[in-house]
Amino acid sequence: MTSALALVSLADLATHWRDLALSAGSVVAFVVVWWAIRRVADRVRGEFGARLLDLLLGLLLLGLLVAEGSALVYIWNVEARLFEVLRQIGDPITVGARVFVSLAIAALTYVATGVIRRAIENVAKRRDGISDHEVEISFRLVQVSLYLVMAFVLLRMWGVDLSGFLIGAGFLGIVLGMAARQTLGAVLAGFVLMFARPFEIGDWVQVGENEGIVTEISIVNTRIQTFDGEYVMLPNDYVGSQEVINRSRKGRLRLHVEVGVDYGADVDQAVEVAEEAMRDVEDVLSVPRPQAVLASFDDSAVTIDLRFWIDKPSARRKWRAHTAVISAVHETFDEHDIKIPFPQRELSARPETEGFRVRDGADAPVDEADDSEATEGER
């Protein structure tokens, strides 16, 4: 029996060897043609829009697949079976029209995403401060929205009932919203931060008790590098609920240094000398010009507030300018004999008066009446 089956298989193979050879040849021809089209497309990609070229390549691939499928159907002579399957699905003309409309909708959606991406990039170029990351996030949101709308339209056109799917999706959304409300809150806060733009990457910010340089802004977290070299990940919902201080928003920062002068010193001269000393510091900006303002009367000195600006603020530039100003003012005060006092206390004693004295009992006078009464009592 095994020999009989082998003979039947060899007979079938001999009968269909021509069909197999033609099928293999058509597949090889399909691969070669598609490879040649791709090579040509790679060479002319710079001369055409990427979206348009990809759309043309998609249409050509679809045409080649239809041609290859038709060739295989003809080679194996299965037209009758194919038409029978199409009749079971529906009217071939109606099915063909739906397929054509579906492909047209998919192609238009693909082209529309390219147009929207270009529009978003043009808007980002006209407005300063919009990063590439924000552009990419905006495009992906629009792209996903368009694809979801396309899928909904195509499913409705093919008669798919979406009521059960929508009910299930709504219930799933409620469950996920309750289970991941903190994460969703951070994501929503991330979108607010991206488009409100209270700070950018590289800005010096203070968020609550955390201070440092912003190194990354994602959908969920904001990362800052502290001045101790540590990286801190802050959830965006926390950032959105805290007071945010951007110290480098305008590219410059005003610093303060307080110095005290002796009460006996000429404060007007001290103010003038301090301003002149700050103007000679290299890291201090000349515009706005540095100022010295009388701030308060303290216990041991009159306090002067030294105000000056630095550009491109960073922790290193801040402390370098801070140190340079203190050194310059201290040296200038020494040259002009302006004393910077240290905390001190004055002790004073009240002079002795006759207001209060403690007398010895032996020297105290004794009243005679009291003495006679005491004698009689003793008797």
# chains A, B, ... in the order shown; residues from 1 in each chain; ligands from 1
>>> residues_around(residues="Leu64 (chain A)", least_positions_apart="2", cutoff="12 Å", atoms="only C-alpha atoms", output="ChimeraX atom specification")
/A:26-27,29-35,37,57-62,66-71
>>> closest_residue(among="A:Met150, A:Val325, A:Ile75, A:Ala124", to="Val281 (chain A)", atoms="only C-alpha atoms")
A:Val325
>>> closest_atom_pairs(of="region 169-226 of chain A", to="region 237-253 of chain A", cutoff="8 Å", atoms="only C-alpha atoms", output="CSV")
residue,atom,partner,partner_atom,distance
A:Gly185,CA,A:Asp237,CA,6.0
A:Ala186,CA,A:Asp237,CA,4.5
A:Val187,CA,A:Asp237,CA,7.9
A:Leu188,CA,A:Asp237,CA,8.0
A:Ala189,CA,A:Asp237,CA,5.3
A:Gly190,CA,A:Asp237,CA,7.5
A:Leu193,CA,A:Gly240,CA,7.5
A:Pro198,CA,A:Asn246,CA,7.5
A:Phe199,CA,A:Asn246,CA,6.6
A:Asp203,CA,A:Ser248,CA,5.7
A:Trp204,CA,A:Arg247,CA,5.4
A:Val205,CA,A:Asn246,CA,4.4
A:Gln206,CA,A:Ile245,CA,5.0
A:Val207,CA,A:Val244,CA,4.8
A:Gly208,CA,A:Gln242,CA,5.7
A:Thr222,CA,A:Val239,CA,7.9
>>> write_last_selection(atoms="all heavy atoms", output="JSON list (two decimals), in the first residue's frame")
[["chain", "number", "residue", "atom", "x", "y", "z"],
["A", 185, "GLY", "N", -2.88, 60.95, 36.24],
["A", 185, "GLY", "CA", -2.71, 62.34, 36.67],
["A", 185, "GLY", "C", -1.35, 62.88, 36.29],
["A", 185, "GLY", "O", -1.21, 64.03, 35.85],
["A", 186, "ALA", "N", -0.31, 62.04, 36.44],
["A", 186, "ALA", "CA", 1.04, 62.47, 36.04],
["A", 186, "ALA", "C", 1.13, 62.68, 34.53],
["A", 186, "ALA", "O", 1.79, 63.61, 34.06],
["A", 186, "ALA", "CB", 2.06, 61.42, 36.48],
["A", 187, "VAL", "N", 0.44, 61.82, 33.76],
["A", 187, "VAL", "CA", 0.46, 61.97, 32.30],
["A", 187, "VAL", "C", -0.22, 63.26, 31.88],
["A", 187, "VAL", "O", 0.29, 64.02, 31.05],
["A", 187, "VAL", "CB", -0.21, 60.75, 31.63],
["A", 187, "VAL", "CG1", -0.41, 61.00, 30.14],
["A", 187, "VAL", "CG2", 0.64, 59.50, 31.84],
["A", 188, "LEU", "N", -1.40, 63.54, 32.45],
["A", 188, "LEU", "CA", -2.10, 64.79, 32.12],
["A", 188, "LEU", "C", -1.27, 66.00, 32.53],
["A", 188, "LEU", "O", -1.18, 66.98, 31.79],
["A", 188, "LEU", "CB", -3.46, 64.80, 32.81],
["A", 188, "LEU", "CG", -4.48, 63.75, 32.33],
["A", 188, "LEU", "CD1", -5.76, 63.82, 33.16],
["A", 188, "LEU", "CD2", -4.80, 63.95, 30.85],
["A", 189, "ALA", "N", -0.65, 65.91, 33.71],
["A", 189, "ALA", "CA", 0.22, 67.02, 34.14],
["A", 189, "ALA", "C", 1.41, 67.18, 33.21],
["A", 189, "ALA", "O", 1.88, 68.29, 32.96],
["A", 189, "ALA", "CB", 0.68, 66.78, 35.57],
["A", 190, "GLY", "N", 1.90, 66.05, 32.66],
["A", 190, "GLY", "CA", 3.01, 66.13, 31.71],
["A", 190, "GLY", "C", 2.63, 66.88, 30.45],
["A", 190, "GLY", "O", 3.41, 67.69, 29.94],
["A", 193, "LEU", "N", 2.57, 70.57, 31.30],
["A", 193, "LEU", "CA", 3.92, 71.14, 31.39],
["A", 193, "LEU", "C", 4.53, 71.33, 30.01],
["A", 193, "LEU", "O", 5.23, 72.31, 29.76],
["A", 193, "LEU", "CB", 4.81, 70.23, 32.24],
["A", 193, "LEU", "CG", 4.50, 70.15, 33.74],
["A", 193, "LEU", "CD1", 5.43, 69.15, 34.41],
["A", 193, "LEU", "CD2", 4.65, 71.52, 34.38],
["A", 198, "PRO", "N", 6.50, 76.08, 31.60],
["A", 198, "PRO", "CA", 7.07, 76.94, 32.65],
["A", 198, "PRO", "C", 8.58, 76.87, 32.72],
["A", 198, "PRO", "O", 9.21, 77.74, 33.30],
["A", 198, "PRO", "CB", 6.43, 76.37, 33.94],
["A", 198, "PRO", "CG", 6.15, 74.95, 33.61],
["A", 198, "PRO", "CD", 5.80, 74.92, 32.14],
["A", 199, "PHE", "N", 9.17, 75.83, 32.14],
["A", 199, "PHE", "CA", 10.62, 75.72, 32.07],
["A", 199, "PHE", "C", 10.98, 74.83, 30.89],
["A", 199, "PHE", "O", 10.14, 74.10, 30.35],
["A", 199, "PHE", "CB", 11.21, 75.15, 33.37],
["A", 199, "PHE", "CG", 10.52, 73.90, 33.87],
["A", 199, "PHE", "CD1", 10.77, 72.66, 33.29],
["A", 199, "PHE", "CD2", 9.62, 73.97, 34.92],
["A", 199, "PHE", "CE1", 10.14, 71.53, 33.75],
["A", 199, "PHE", "CE2", 8.97, 72.83, 35.39],
["A", 199, "PHE", "CZ", 9.24, 71.61, 34.79],
["A", 203, "ASP", "N", 17.12, 74.74, 32.02],
["A", 203, "ASP", "CA", 16.78, 75.84, 32.92],
["A", 203, "ASP", "C", 17.14, 75.48, 34.36],
["A", 203, "ASP", "O", 17.11, 74.32, 34.77],
["A", 203, "ASP", "CB", 15.29, 76.17, 32.83],
["A", 203, "ASP", "CG", 14.94, 76.91, 31.56],
["A", 203, "ASP", "OD1", 15.87, 77.28, 30.82],
["A", 203, "ASP", "OD2", 13.74, 77.10, 31.29],
["A", 204, "TRP", "N", 17.44, 76.51, 35.11],
["A", 204, "TRP", "CA", 17.71, 76.38, 36.54],
["A", 204, "TRP", "C", 16.40, 76.65, 37.28],
["A", 204, "TRP", "O", 15.90, 77.77, 37.26],
["A", 204, "TRP", "CB", 18.81, 77.36, 36.93],
["A", 204, "TRP", "CG", 19.11, 77.44, 38.41],
["A", 204, "TRP", "CD1", 18.58, 76.69, 39.41],
["A", 204, "TRP", "CD2", 20.02, 78.34, 39.03],
["A", 204, "TRP", "NE1", 19.10, 77.05, 40.61],
["A", 204, "TRP", "CE2", 19.99, 78.07, 40.41],
["A", 204, "TRP", "CE3", 20.87, 79.33, 38.55],
["A", 204, "TRP", "CZ2", 20.77, 78.77, 41.32],
["A", 204, "TRP", "CZ3", 21.63, 80.02, 39.47],
["A", 204, "TRP", "CH2", 21.58, 79.75, 40.83],
["A", 205, "VAL", "N", 15.84, 75.62, 37.91],
["A", 205, "VAL", "CA", 14.52, 75.74, 38.53],
["A", 205, "VAL", "C", 14.59, 75.28, 39.98],
["A", 205, "VAL", "O", 15.49, 74.55, 40.39],
["A", 205, "VAL", "CB", 13.46, 74.91, 37.77],
["A", 205, "VAL", "CG1", 13.33, 75.38, 36.33],
["A", 205, "VAL", "CG2", 13.78, 73.43, 37.82],
["A", 206, "GLN", "N", 13.59, 75.74, 40.72],
["A", 206, "GLN", "CA", 13.37, 75.26, 42.08],
["A", 206, "GLN", "C", 11.92, 74.80, 42.16],
["A", 206, "GLN", "O", 11.00, 75.59, 41.97],
["A", 206, "GLN", "CB", 13.66, 76.35, 43.11],
["A", 206, "GLN", "CG", 13.43, 75.89, 44.55],
["A", 206, "GLN", "CD", 13.76, 76.95, 45.57],
["A", 206, "GLN", "OE1", 14.37, 77.96, 45.25],
["A", 206, "GLN", "NE2", 13.36, 76.73, 46.81],
["A", 207, "VAL", "N", 11.72, 73.52, 42.44],
["A", 207, "VAL", "CA", 10.39, 72.92, 42.56],
["A", 207, "VAL", "C", 10.24, 72.42, 43.98],
["A", 207, "VAL", "O", 10.85, 71.42, 44.37],
["A", 207, "VAL", "CB", 10.19, 71.77, 41.56],
["A", 207, "VAL", "CG1", 8.78, 71.20, 41.68],
["A", 207, "VAL", "CG2", 10.46, 72.23, 40.14],
["A", 208, "GLY", "N", 9.45, 73.12, 44.78],
["A", 208, "GLY", "CA", 9.34, 72.76, 46.19],
["A", 208, "GLY", "C", 10.69, 72.94, 46.87],
["A", 208, "GLY", "O", 11.27, 74.03, 46.87],
["A", 222, "THR", "N", 9.71, 64.50, 35.41],
["A", 222, "THR", "CA", 10.66, 65.56, 35.09],
["A", 222, "THR", "C", 11.93, 65.28, 35.88],
["A", 222, "THR", "O", 11.87, 65.07, 37.10],
["A", 222, "THR", "CB", 10.10, 66.94, 35.45],
["A", 222, "THR", "OG1", 8.95, 67.21, 34.66],
["A", 222, "THR", "CG2", 11.15, 68.02, 35.20]]
>>> residues_around(residues="Val273 (chain A)", least_positions_apart="2", cutoff="8 Å", atoms="only C-alpha atoms", output="list in words")
Gln269, Ala270, Val271, Glu275, Glu276, Ala277, Val329, Thr332 and Phe333 of chain A
>>> atom_distance(atom1="CA of Leu53 (chain A)", atom2="CA of Arg140 (chain A)")
20.7 Å
>>> closest_residue(among="A:Arg197, A:Ala328, A:Leu72, A:Asp298", to="Gly25 (chain A)", atoms="only C-alpha atoms")
A:Leu72
>>> select_by_dssp(residues="region 109-214 of chain A", states="helix (DSSP H, G or I)", output="PyMOL selection string")
chain A and resi 109-126+132-157+163-179+181-196
>>> closest_residue(among="A:Lys339, A:Arg98, A:Arg127, A:His256", to="Ile326 (chain A)", atoms="only C-alpha atoms")
A:His256
>>> select_by_dssp(residues="region 124-288 of chain A", states="strand (DSSP E or B)", output="PyMOL selection string")
chain A and resi 204-207+210-217+221-225+231-235+244-246+252-261
>>> write_last_selection(atoms="C-alpha atoms", output="mmCIF file, in the first residue's frame")
data_model
loop_
_atom_site.group_PDB
_atom_site.id
_atom_site.type_symbol
_atom_site.label_atom_id
_atom_site.label_comp_id
_atom_site.auth_asym_id
_atom_site.auth_seq_id
_atom_site.Cartn_x
_atom_site.Cartn_y
_atom_site.Cartn_z
ATOM 1 C CA TRP A 204 17.715 76.379 36.544
ATOM 2 C CA VAL A 205 14.522 75.739 38.527
ATOM 3 C CA GLN A 206 13.366 75.259 42.081
ATOM 4 C CA VAL A 207 10.389 72.920 42.558
ATOM 5 C CA ASN A 210 14.313 70.562 45.010
ATOM 6 C CA GLU A 211 16.635 72.826 43.070
ATOM 7 C CA GLY A 212 18.773 72.093 40.043
ATOM 8 C CA ILE A 213 19.077 72.012 36.245
ATOM 9 C CA VAL A 214 16.300 70.402 34.172
ATOM 10 C CA THR A 215 17.776 67.536 32.137
ATOM 11 C CA GLU A 216 14.665 65.724 30.844
ATOM 12 C CA ILE A 217 10.906 66.306 30.515
ATOM 13 C CA ASN A 221 8.400 62.527 35.059
ATOM 14 C CA THR A 222 10.662 65.557 35.093
ATOM 15 C CA ARG A 223 14.332 64.963 35.855
ATOM 16 C CA ILE A 224 16.584 67.595 37.400
ATOM 17 C CA GLN A 225 20.276 67.460 38.305
ATOM 18 C CA TYR A 231 19.558 63.225 39.666
ATOM 19 C CA VAL A 232 16.054 63.643 41.057
ATOM 20 C CA MET A 233 12.966 62.237 39.304
ATOM 21 C CA LEU A 234 9.896 64.355 40.065
ATOM 22 C CA PRO A 235 6.428 63.092 39.049
ATOM 23 C CA VAL A 244 7.956 76.477 40.377
ATOM 24 C CA ILE A 245 10.692 79.128 40.394
ATOM 25 C CA ASN A 246 12.581 79.471 37.116
ATOM 26 C CA ARG A 252 20.074 86.214 33.573
ATOM 27 C CA LEU A 253 19.806 86.124 37.342
ATOM 28 C CA ARG A 254 20.044 88.742 40.110
ATOM 29 C CA LEU A 255 22.063 87.793 43.185
ATOM 30 C CA HIS A 256 22.229 89.345 46.648
ATOM 31 C CA VAL A 257 25.098 89.690 49.092
ATOM 32 C CA GLU A 258 24.686 91.408 52.469
ATOM 33 C CA VAL A 259 27.536 93.240 54.168
ATOM 34 C CA GLY A 260 27.541 95.256 57.398
ATOM 35 C CA VAL A 261 29.477 98.476 58.106
#
>>> residues_around(residues="Asp54 (chain A)", least_positions_apart="6", cutoff="12 Å", atoms="only C-alpha atoms", output="VMD selection string")
chain A and resid 37 to 38 41 to 42 44 to 45 48 60 to 61 107 110 to 111 114
>>> atom_distance(atom1="CA of Ile304 (chain A)", atom2="CA of Pro288 (chain A)")
18.6 Å
>>> atom_distance(atom1="CA of Val287 (chain A)", atom2="CA of Ile310 (chain A)")
9.7 Å
>>> closest_residue(among="A:Gly202, A:Leu294, A:Thr226, A:Gly264", to="Lys312 (chain A)", atoms="only C-alpha atoms")
A:Gly202
>>> closest_residue(among="A:Met157, A:Asn236, A:Ala292, A:Asp19", to="Ala97 (chain A)", atoms="only C-alpha atoms")
A:Met157
>>> closest_residue(among="A:Val267, A:Asp283, A:Leu146, A:Asn77", to="Ala295 (chain A)", atoms="only C-alpha atoms")
A:Val267
>>> decode(residues="region 82-129 of chain A", atoms="N, CA and C atoms", output="PDB file, in the first residue's frame")
ATOM      1  N   LEU A  82     -12.706  30.395  -6.313  1.00  0.00           N
ATOM      2  CA  LEU A  82     -12.579  31.766  -5.810  1.00  0.00           C
ATOM      3  C   LEU A  82     -13.884  32.525  -5.937  1.00  0.00           C
ATOM      4  N   PHE A  83     -14.545  32.393  -7.089  1.00  0.00           N
ATOM      5  CA  PHE A  83     -15.822  33.088  -7.270  1.00  0.00           C
ATOM      6  C   PHE A  83     -16.883  32.545  -6.327  1.00  0.00           C
ATOM      7  N   GLU A  84     -16.819  31.253  -6.021  1.00  0.00           N
ATOM      8  CA  GLU A  84     -17.766  30.675  -5.079  1.00  0.00           C
ATOM      9  C   GLU A  84     -17.588  31.268  -3.683  1.00  0.00           C
ATOM     10  N   VAL A  85     -16.319  31.430  -3.297  1.00  0.00           N
ATOM     11  CA  VAL A  85     -16.043  32.055  -1.991  1.00  0.00           C
ATOM     12  C   VAL A  85     -16.527  33.499  -1.967  1.00  0.00           C
ATOM     13  N   LEU A  86     -16.310  34.241  -3.053  1.00  0.00           N
ATOM     14  CA  LEU A  86     -16.758  35.637  -3.114  1.00  0.00           C
ATOM     15  C   LEU A  86     -18.275  35.735  -3.063  1.00  0.00           C
ATOM     16  N   ARG A  87     -18.961  34.780  -3.702  1.00  0.00           N
ATOM     17  CA  ARG A  87     -20.429  34.804  -3.652  1.00  0.00           C
ATOM     18  C   ARG A  87     -20.929  34.570  -2.237  1.00  0.00           C
ATOM     19  N   GLN A  88     -20.223  33.738  -1.477  1.00  0.00           N
ATOM     20  CA  GLN A  88     -20.617  33.522  -0.089  1.00  0.00           C
ATOM     21  C   GLN A  88     -20.411  34.768   0.765  1.00  0.00           C
ATOM     22  N   ILE A  89     -19.359  35.516   0.458  1.00  0.00           N
ATOM     23  CA  ILE A  89     -19.130  36.767   1.202  1.00  0.00           C
ATOM     24  C   ILE A  89     -20.151  37.819   0.825  1.00  0.00           C
ATOM     25  N   GLY A  90     -20.478  37.923  -0.433  1.00  0.00           N
ATOM     26  CA  GLY A  90     -21.419  38.914  -0.920  1.00  0.00           C
ATOM     27  C   GLY A  90     -21.270  39.120  -2.409  1.00  0.00           C
ATOM     28  N   ASP A  91     -21.958  40.134  -2.893  1.00  0.00           N
ATOM     29  CA  ASP A  91     -21.860  40.460  -4.308  1.00  0.00           C
ATOM     30  C   ASP A  91     -20.422  40.877  -4.626  1.00  0.00           C
ATOM     31  N   PRO A  92     -19.775  40.258  -5.625  1.00  0.00           N
ATOM     32  CA  PRO A  92     -18.382  40.610  -5.933  1.00  0.00           C
ATOM     33  C   PRO A  92     -18.190  42.079  -6.246  1.00  0.00           C
ATOM     34  N   ILE A  93     -19.155  42.690  -6.925  1.00  0.00           N
ATOM     35  CA  ILE A  93     -19.017  44.111  -7.256  1.00  0.00           C
ATOM     36  C   ILE A  93     -19.050  44.955  -5.986  1.00  0.00           C
ATOM     37  N   THR A  94     -19.987  44.615  -5.085  1.00  0.00           N
ATOM     38  CA  THR A  94     -20.086  45.373  -3.826  1.00  0.00           C
ATOM     39  C   THR A  94     -18.830  45.196  -2.978  1.00  0.00           C
ATOM     40  N   VAL A  95     -18.345  43.932  -2.910  1.00  0.00           N
ATOM     41  CA  VAL A  95     -17.141  43.674  -2.133  1.00  0.00           C
ATOM     42  C   VAL A  95     -15.946  44.419  -2.728  1.00  0.00           C
ATOM     43  N   GLY A  96     -15.851  44.399  -4.058  1.00  0.00           N
ATOM     44  CA  GLY A  96     -14.758  45.124  -4.701  1.00  0.00           C
ATOM     45  C   GLY A  96     -14.816  46.621  -4.442  1.00  0.00           C
ATOM     46  N   ALA A  97     -16.046  47.177  -4.465  1.00  0.00           N
ATOM     47  CA  ALA A  97     -16.191  48.609  -4.190  1.00  0.00           C
ATOM     48  C   ALA A  97     -15.781  48.940  -2.754  1.00  0.00           C
ATOM     49  N   ARG A  98     -16.169  48.075  -1.805  1.00  0.00           N
ATOM     50  CA  ARG A  98     -15.793  48.311  -0.414  1.00  0.00           C
ATOM     51  C   ARG A  98     -14.273  48.227  -0.229  1.00  0.00           C
ATOM     52  N   VAL A  99     -13.670  47.265  -0.899  1.00  0.00           N
ATOM     53  CA  VAL A  99     -12.215  47.145  -0.805  1.00  0.00           C
ATOM     54  C   VAL A  99     -11.541  48.394  -1.359  1.00  0.00           C
ATOM     55  N   PHE A 100     -12.047  48.869  -2.504  1.00  0.00           N
ATOM     56  CA  PHE A 100     -11.458  50.065  -3.103  1.00  0.00           C
ATOM     57  C   PHE A 100     -11.624  51.281  -2.186  1.00  0.00           C
ATOM     58  N   VAL A 101     -12.821  51.463  -1.630  1.00  0.00           N
ATOM     59  CA  VAL A 101     -13.056  52.597  -0.729  1.00  0.00           C
ATOM     60  C   VAL A 101     -12.202  52.478   0.531  1.00  0.00           C
ATOM     61  N   SER A 102     -12.046  51.258   1.055  1.00  0.00           N
ATOM     62  CA  SER A 102     -11.227  51.056   2.254  1.00  0.00           C
ATOM     63  C   SER A 102      -9.777  51.434   1.987  1.00  0.00           C
ATOM     64  N   LEU A 103      -9.278  51.007   0.831  1.00  0.00           N
ATOM     65  CA  LEU A 103      -7.902  51.361   0.488  1.00  0.00           C
ATOM     66  C   LEU A 103      -7.746  52.866   0.301  1.00  0.00           C
ATOM     67  N   ALA A 104      -8.760  53.501  -0.310  1.00  0.00           N
ATOM     68  CA  ALA A 104      -8.693  54.949  -0.503  1.00  0.00           C
ATOM     69  C   ALA A 104      -8.693  55.690   0.834  1.00  0.00           C
ATOM     70  N   ILE A 105      -9.526  55.230   1.780  1.00  0.00           N
ATOM     71  CA  ILE A 105      -9.558  55.868   3.104  1.00  0.00           C
ATOM     72  C   ILE A 105      -8.225  55.689   3.822  1.00  0.00           C
ATOM     73  N   ALA A 106      -7.647  54.489   3.736  1.00  0.00           N
ATOM     74  CA  ALA A 106      -6.355  54.253   4.373  1.00  0.00           C
ATOM     75  C   ALA A 106      -5.263  55.128   3.761  1.00  0.00           C
ATOM     76  N   ALA A 107      -5.281  55.272   2.430  1.00  0.00           N
ATOM     77  CA  ALA A 107      -4.277  56.098   1.765  1.00  0.00           C
ATOM     78  C   ALA A 107      -4.434  57.565   2.140  1.00  0.00           C
ATOM     79  N   LEU A 108      -5.682  58.054   2.160  1.00  0.00           N
ATOM     80  CA  LEU A 108      -5.922  59.458   2.537  1.00  0.00           C
ATOM     81  C   LEU A 108      -5.498  59.722   3.982  1.00  0.00           C
ATOM     82  N   THR A 109      -5.753  58.772   4.862  1.00  0.00           N
ATOM     83  CA  THR A 109      -5.339  58.946   6.257  1.00  0.00           C
ATOM     84  C   THR A 109      -3.826  59.015   6.375  1.00  0.00           C
ATOM     85  N   TYR A 110      -3.150  58.176   5.626  1.00  0.00           N
ATOM     86  CA  TYR A 110      -1.684  58.178   5.651  1.00  0.00           C
ATOM     87  C   TYR A 110      -1.136  59.509   5.144  1.00  0.00           C
ATOM     88  N   VAL A 111      -1.712  60.018   4.054  1.00  0.00           N
ATOM     89  CA  VAL A 111      -1.267  61.310   3.514  1.00  0.00           C
ATOM     90  C   VAL A 111      -1.591  62.433   4.493  1.00  0.00           C
ATOM     91  N   ALA A 112      -2.777  62.353   5.128  1.00  0.00           N
ATOM     92  CA  ALA A 112      -3.175  63.402   6.064  1.00  0.00           C
ATOM     93  C   ALA A 112      -2.231  63.483   7.250  1.00  0.00           C
ATOM     94  N   THR A 113      -1.753  62.338   7.749  1.00  0.00           N
ATOM     95  CA  THR A 113      -0.790  62.381   8.857  1.00  0.00           C
ATOM     96  C   THR A 113       0.503  63.069   8.444  1.00  0.00           C
ATOM     97  N   GLY A 114       0.934  62.853   7.200  1.00  0.00           N
ATOM     98  CA  GLY A 114       2.134  63.549   6.730  1.00  0.00           C
ATOM     99  C   GLY A 114       1.940  65.050   6.642  1.00  0.00           C
ATOM    100  N   VAL A 115       0.753  65.474   6.149  1.00  0.00           N
ATOM    101  CA  VAL A 115       0.465  66.907   6.057  1.00  0.00           C
ATOM    102  C   VAL A 115       0.412  67.531   7.446  1.00  0.00           C
ATOM    103  N   ILE A 116      -0.202  66.837   8.395  1.00  0.00           N
ATOM    104  CA  ILE A 116      -0.313  67.370   9.756  1.00  0.00           C
ATOM    105  C   ILE A 116       1.065  67.449  10.408  1.00  0.00           C
ATOM    106  N   ARG A 117       1.911  66.450  10.160  1.00  0.00           N
ATOM    107  CA  ARG A 117       3.267  66.505  10.726  1.00  0.00           C
ATOM    108  C   ARG A 117       4.025  67.715  10.205  1.00  0.00           C
ATOM    109  N   ARG A 118       3.912  67.970   8.910  1.00  0.00           N
ATOM    110  CA  ARG A 118       4.599  69.133   8.348  1.00  0.00           C
ATOM    111  C   ARG A 118       4.051  70.427   8.925  1.00  0.00           C
ATOM    112  N   ALA A 119       2.732  70.492   9.134  1.00  0.00           N
ATOM    113  CA  ALA A 119       2.133  71.703   9.708  1.00  0.00           C
ATOM    114  C   ALA A 119       2.625  71.925  11.138  1.00  0.00           C
ATOM    115  N   ILE A 120       2.700  70.849  11.931  1.00  0.00           N
ATOM    116  CA  ILE A 120       3.190  70.982  13.312  1.00  0.00           C
ATOM    117  C   ILE A 120       4.636  71.437  13.328  1.00  0.00           C
ATOM    118  N   GLU A 121       5.459  70.903  12.438  1.00  0.00           N
ATOM    119  CA  GLU A 121       6.857  71.318  12.381  1.00  0.00           C
ATOM    120  C   GLU A 121       6.996  72.777  11.966  1.00  0.00           C
ATOM    121  N   ASN A 122       6.143  73.238  11.056  1.00  0.00           N
ATOM    122  CA  ASN A 122       6.200  74.647  10.650  1.00  0.00           C
ATOM    123  C   ASN A 122       5.807  75.569  11.797  1.00  0.00           C
ATOM    124  N   VAL A 123       4.788  75.163  12.554  1.00  0.00           N
ATOM    125  CA  VAL A 123       4.387  75.963  13.718  1.00  0.00           C
ATOM    126  C   VAL A 123       5.510  76.004  14.743  1.00  0.00           C
ATOM    127  N   ALA A 124       6.177  74.869  14.964  1.00  0.00           N
ATOM    128  CA  ALA A 124       7.277  74.825  15.933  1.00  0.00           C
ATOM    129  C   ALA A 124       8.439  75.700  15.496  1.00  0.00           C
ATOM    130  N   LYS A 125       8.689  75.805  14.190  1.00  0.00           N
ATOM    131  CA  LYS A 125       9.786  76.647  13.717  1.00  0.00           C
ATOM    132  C   LYS A 125       9.476  78.127  13.917  1.00  0.00           C
ATOM    133  N   ARG A 126       8.199  78.500  13.803  1.00  0.00           N
ATOM    134  CA  ARG A 126       7.833  79.916  13.967  1.00  0.00           C
ATOM    135  C   ARG A 126       7.793  80.339  15.429  1.00  0.00           C
ATOM    136  N   ARG A 127       7.644  79.391  16.344  1.00  0.00           N
ATOM    137  CA  ARG A 127       7.572  79.710  17.769  1.00  0.00           C
ATOM    138  C   ARG A 127       8.807  79.180  18.469  1.00  0.00           C
ATOM    139  N   ASP A 128       9.430  80.050  19.240  1.00  0.00           N
ATOM    140  CA  ASP A 128      10.621  79.653  19.992  1.00  0.00           C
ATOM    141  C   ASP A 128      10.213  78.878  21.242  1.00  0.00           C
ATOM    142  N   GLY A 129      11.069  77.964  21.638  1.00  0.00           N
ATOM    143  CA  GLY A 129      10.846  77.240  22.887  1.00  0.00           C
ATOM    144  C   GLY A 129      10.151  75.906  22.743  1.00  0.00           C
TER     145      GLY A 129
END
